[in-house]
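Shown next, in structure tokens, is the structure this report addresses.
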2 protein chains.
Amino acid sequence: MAEDDEDRADALFHALADRTRRDIVRRVLAGEHSVSALAAKYDMSFAAVQKHVAVLEKAGLLSKRRQGREQLASGDVDAVRSVASMLTELEGVWRGRIARIDALIAADHPTQPLPSHPDGPRKD
Amino acid sequence: MAEDDEDRADALFHALADRTRRDIVRRVLAGEHSVSALAAKYDMSFAAVQKHVAVLEKAGLLSKRRQGREQLASGDVDAVRSVASMLTELEGVWRGRIARIDALIAADHPTQPLPSHPDGPRKD
DNA sequence: TTGACATACAACCAGATGGTTGTAGGTTTG
DNA sequence: CAAACCTACAACCATCTGGTTGTATGTCAA
């Protein structure tokens, strides 16, 4: 709804739309890593990896904490879940469509309620 | 794992990293819309909307079917679910981390099993 | 057939993106 | 202190992105 939500969604999806950043997210979700430890894993400059980490931090997918001279990055699972919930909302929109289609079918064949749609909404 | 999967993930997340495209996805998940019907909803040229639709189609988030002179676009909920499953996989990585932390805590305090982590994995 | 509508696509442009190198500051170690 | 290391950030560059306009093709209706 709000403008800020769309900004946040833009930032989250964009942050995840790069395989290096997705890999970084995987690593920092599994445990804390310093920026240089992350940089050592990829065939690119330290500065490039640092920029990827900055993009992920701005999107809220990870946070950093200082320990001595190192900056330890840690993944934020809540941000991941918030993205997942956006997709769930989209799936809900689709379910509404199928429900409407089923209603039409039911209106056309009032005496024979069919098993609706083969890939229809799960009733769990 | 495979290179193609990463390409596909890039395309999917990138396609969703634009609010106009997310809005189009919402509409075509709710029901079929012609490209010009979609274009009428946004304050930009027809060609711009058409390019957004093309990006979504290449990513597999929608498909088109011709009907007369119109091209009807329809959302693909399976593509949305595949994105959701990528996020679920990420959340699984995080759960592994928490499990490891809990194991360490248990090893340190073998006689007093605490309720582990306040935001820990759900046991449902 | 002619005209109006729906789509596709090319060419172009400003700004963002993802990489590079270089410079500078803070922290640990010898 | 000096050297080594970790991080931050600016400047630069090629390419991609998201928008534009213009042109071409296909389809429906009069």
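Every chain in the structure tokens has a letter given in the order shown (A, B, ...), and although residue numbers restart at 1 in each chain, ligands are simply numbered from 1 in the order shown.
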Per-residue nearest contacts of chain A to chain C (8 Å; only C-alpha atoms (C1' of nucleotides)) as CSV:
```
residue,atom,partner,partner_atom,distance
A:Ser45,CA,C:DT20,C1',7.9
A:Ala48,CA,C:DG19,C1',6.7
A:Gly68,CA,C:DT27,C1',6.5
A:Arg69,CA,C:DT27,C1',5.0
```
Would you output that residue set with C-alpha atoms, as a compact mmCIF listing (two decimals), in the first residue's frame?
```
# COMPACT_ATOMS: atom_id res chain seq x y z
CA SER A 45 37.95 -7.23 -5.93
CA ALA A 48 33.18 -5.07 -5.35
CA GLY A 68 38.00 -5.25 16.58
CA ARG A 69 39.13 -4.35 13.10
```
*asked:* Please identify all residues of chain B having at least one atom at most 12 Å from any atom of chain D, considering only C-alpha atoms (C1' of nucleotides), and return them as a list in words.
replied: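 Residues passing the distance filter: His14, Ala15, Ala17, Asp18, Thr20, Arg21, Asp43, Met44, Ser45, Phe46, Ala47, Ala48, Val49, Gln50, Lys51, His52, Val55, Arg66, Gln67, Gly68, Arg69, Glu70 and Gln71 of chain B.
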I'd like the superposed copy of chain A - fitted to chain B by least squares over all paired Cα atoms - as a short mmCIF file (atom, residue, chain, number, x, y, z; two decimals) with C-alpha atoms, in the first residue's frame.
```
data_model
loop_
_atom_site.label_atom_id
_atom_site.label_comp_id
_atom_site.auth_asym_id
_atom_site.auth_seq_id
_atom_site.Cartn_x
_atom_site.Cartn_y
_atom_site.Cartn_z
CA MET A 1 23.22 -25.77 -8.29
CA ALA A 2 23.10 -25.65 -12.08
CA GLU A 3 24.07 -22.54 -13.95
CA ASP A 4 20.63 -22.32 -15.54
CA ASP A 5 18.96 -22.20 -12.16
CA GLU A 6 20.97 -19.16 -11.21
CA ASP A 7 20.12 -17.53 -14.55
CA ARG A 8 16.47 -18.22 -13.87
CA ALA A 9 16.71 -16.87 -10.34
CA ASP A 10 18.40 -13.73 -11.68
CA ALA A 11 15.58 -13.25 -14.18
CA LEU A 12 12.82 -13.89 -11.64
CA PHE A 13 14.12 -11.57 -8.93
CA HIS A 14 15.01 -8.92 -11.46
CA ALA A 15 11.54 -9.11 -12.99
CA LEU A 16 10.01 -8.60 -9.56
CA ALA A 17 12.37 -5.75 -8.64
CA ASP A 18 10.18 -3.14 -10.32
CA ARG A 19 6.91 -1.91 -8.84
CA THR A 20 5.19 -1.58 -12.18
CA ARG A 21 6.04 -5.17 -13.03
CA ARG A 22 4.92 -6.38 -9.60
CA ASP A 23 1.62 -4.61 -10.17
CA ILE A 24 1.26 -6.21 -13.59
CA VAL A 25 1.91 -9.61 -12.01
CA ARG A 26 -0.82 -8.93 -9.48
CA ARG A 27 -3.30 -8.06 -12.22
CA VAL A 28 -2.53 -10.99 -14.48
CA LEU A 29 -2.61 -13.40 -11.55
CA ALA A 30 -6.11 -12.12 -10.81
CA GLY A 31 -7.20 -12.63 -14.42
CA GLU A 32 -6.33 -12.32 -18.09
CA HIS A 33 -5.61 -8.85 -19.42
CA SER A 34 -4.65 -7.67 -22.87
CA VAL A 35 -1.44 -5.71 -23.17
CA SER A 36 -3.33 -2.55 -24.06
CA ALA A 37 -5.70 -3.02 -21.13
CA LEU A 38 -2.65 -3.19 -18.87
CA ALA A 39 -1.03 -0.21 -20.55
CA ALA A 40 -4.13 1.90 -19.89
CA LYS A 41 -3.54 1.52 -16.14
CA TYR A 42 -0.12 3.18 -16.03
CA ASP A 43 1.15 6.66 -16.69
CA MET A 44 3.67 5.63 -19.32
CA SER A 45 3.73 4.76 -22.99
CA PHE A 46 2.26 1.57 -24.41
CA ALA A 47 5.74 0.50 -25.53
CA ALA A 48 7.10 0.82 -22.00
CA VAL A 49 4.37 -1.41 -20.58
CA GLN A 50 4.89 -3.84 -23.42
CA LYS A 51 8.56 -4.10 -22.51
CA HIS A 52 7.64 -4.80 -18.89
CA VAL A 53 5.32 -7.56 -20.04
CA ALA A 54 8.13 -8.98 -22.19
CA VAL A 55 10.48 -9.05 -19.18
CA LEU A 56 7.86 -10.87 -17.14
CA GLU A 57 7.22 -13.32 -19.96
CA LYS A 58 10.93 -14.10 -20.38
CA ALA A 59 11.18 -14.74 -16.64
CA GLY A 60 8.22 -17.10 -16.91
CA LEU A 61 5.98 -15.08 -14.61
CA LEU A 62 3.28 -14.75 -17.24
CA SER A 63 2.33 -16.22 -20.56
CA LYS A 64 0.39 -14.78 -23.46
CA ARG A 65 -2.24 -16.26 -25.69
CA ARG A 66 -3.56 -14.64 -28.81
CA GLN A 67 -7.27 -13.94 -29.13
CA GLY A 68 -8.14 -12.07 -32.28
CA ARG A 69 -6.06 -8.93 -32.39
CA GLU A 70 -5.43 -8.97 -28.68
CA GLN A 71 -2.70 -10.72 -26.75
CA LEU A 72 -4.06 -11.90 -23.40
CA ALA A 73 -1.54 -12.16 -20.57
CA SER A 74 -2.06 -14.54 -17.68
CA GLY A 75 0.07 -14.91 -14.54
CA ASP A 76 1.89 -18.16 -13.78
CA VAL A 77 1.52 -18.97 -10.11
CA ASP A 78 4.08 -21.77 -10.32
CA ALA A 79 6.80 -19.25 -11.12
CA VAL A 80 5.77 -17.27 -8.04
CA ARG A 81 5.94 -20.44 -5.98
CA SER A 82 9.38 -21.29 -7.32
CA VAL A 83 10.64 -17.94 -6.05
CA ALA A 84 9.03 -18.60 -2.70
CA SER A 85 10.77 -21.97 -2.52
CA MET A 86 14.15 -20.29 -3.06
CA LEU A 87 13.44 -18.16 -0.01
CA THR A 88 12.37 -21.20 1.95
CA GLU A 89 15.70 -22.78 1.11
CA LEU A 90 17.45 -19.68 2.48
CA GLU A 91 15.42 -19.90 5.64
CA GLY A 92 16.53 -23.52 5.91
CA VAL A 93 20.15 -22.41 5.84
CA TRP A 94 19.41 -20.08 8.73
CA ARG A 95 17.69 -22.84 10.69
CA GLY A 96 20.82 -24.92 10.35
CA ARG A 97 22.81 -22.09 11.88
CA ILE A 98 20.45 -21.83 14.83
CA ALA A 99 20.50 -25.57 15.29
CA ARG A 100 24.29 -25.46 15.46
CA ILE A 101 24.19 -22.64 18.00
CA ASP A 102 21.70 -24.58 20.10
CA ALA A 103 23.94 -27.63 19.96
CA LEU A 104 26.81 -25.56 21.33
CA ILE A 105 24.65 -24.19 24.11
CA ALA A 106 23.50 -27.69 24.97
CA ALA A 107 27.13 -28.85 25.10
CA ASP A 108 28.01 -26.01 27.49
CA HIS A 109 25.01 -26.62 29.75
CA PRO A 110 24.37 -30.33 29.47
CA THR A 111 22.23 -30.47 32.61
CA GLN A 112 19.94 -27.56 31.82
CA PRO A 113 18.33 -27.67 28.36
CA LEU A 114 17.06 -24.13 27.81
CA PRO A 115 14.26 -23.11 25.38
CA SER A 116 17.09 -22.47 22.90
CA HIS A 117 16.52 -19.36 20.84
CA PRO A 118 13.63 -16.89 21.31
CA ASP A 119 13.21 -16.58 17.51
CA GLY A 120 14.27 -20.12 16.82
CA PRO A 121 12.98 -22.67 14.34
CA ARG A 122 9.28 -23.41 14.53
CA LYS A 123 8.43 -26.94 15.48
CA ASP A 124 5.22 -27.32 13.47
#
```
*Output as number ranges by chain all residues of region 18-119 of chain A that backbone DSSP marks as helix (DSSP H, G or I).*
A: 19-30, 35-39, 46-59, 77-108
_Can you pull out every residue from region 47-123 of chain B that DSSP, working from the backbone, puts in strand (DSSP E), and format the result as a ChimeraX atom specification?_
/B:62-67,70-75
Can you write out the residues you just picked, keeping N, CA and C atoms, as a compact mmCIF listing (two decimals), in the first residue's frame?
```
# COMPACT_ATOMS: atom_id res chain seq x y z
N LEU B 62 4.58 -14.79 -16.60
CA LEU B 62 3.28 -14.75 -17.28
C LEU B 62 3.43 -15.35 -18.65
N SER B 63 2.33 -15.72 -19.24
CA SER B 63 2.34 -16.22 -20.62
C SER B 63 1.23 -15.50 -21.37
N LYS B 64 1.38 -15.46 -22.68
CA LYS B 64 0.40 -14.77 -23.50
C LYS B 64 -0.28 -15.76 -24.43
N ARG B 65 -1.54 -15.47 -24.71
CA ARG B 65 -2.23 -16.25 -25.73
C ARG B 65 -2.96 -15.25 -26.61
N ARG B 66 -2.92 -15.54 -27.91
CA ARG B 66 -3.52 -14.62 -28.86
C ARG B 66 -5.02 -14.86 -28.93
N GLN B 67 -5.79 -13.79 -28.96
CA GLN B 67 -7.22 -13.91 -29.20
C GLN B 67 -7.60 -12.75 -30.12
N GLU B 70 -5.96 -9.18 -30.06
CA GLU B 70 -5.41 -8.94 -28.73
C GLU B 70 -4.49 -10.07 -28.29
N GLN B 71 -3.60 -9.72 -27.38
CA GLN B 71 -2.69 -10.69 -26.79
C GLN B 71 -3.04 -10.72 -25.30
N LEU B 72 -3.60 -11.83 -24.84
CA LEU B 72 -4.06 -11.89 -23.45
C LEU B 72 -2.96 -12.47 -22.55
N ALA B 73 -2.60 -11.73 -21.53
CA ALA B 73 -1.55 -12.15 -20.60
C ALA B 73 -2.17 -12.74 -19.35
N SER B 74 -1.55 -13.82 -18.89
CA SER B 74 -2.06 -14.54 -17.72
C SER B 74 -0.89 -14.90 -16.82
N GLY B 75 -1.02 -14.67 -15.52
CA GLY B 75 0.08 -14.92 -14.59
C GLY B 75 0.30 -16.40 -14.35
```
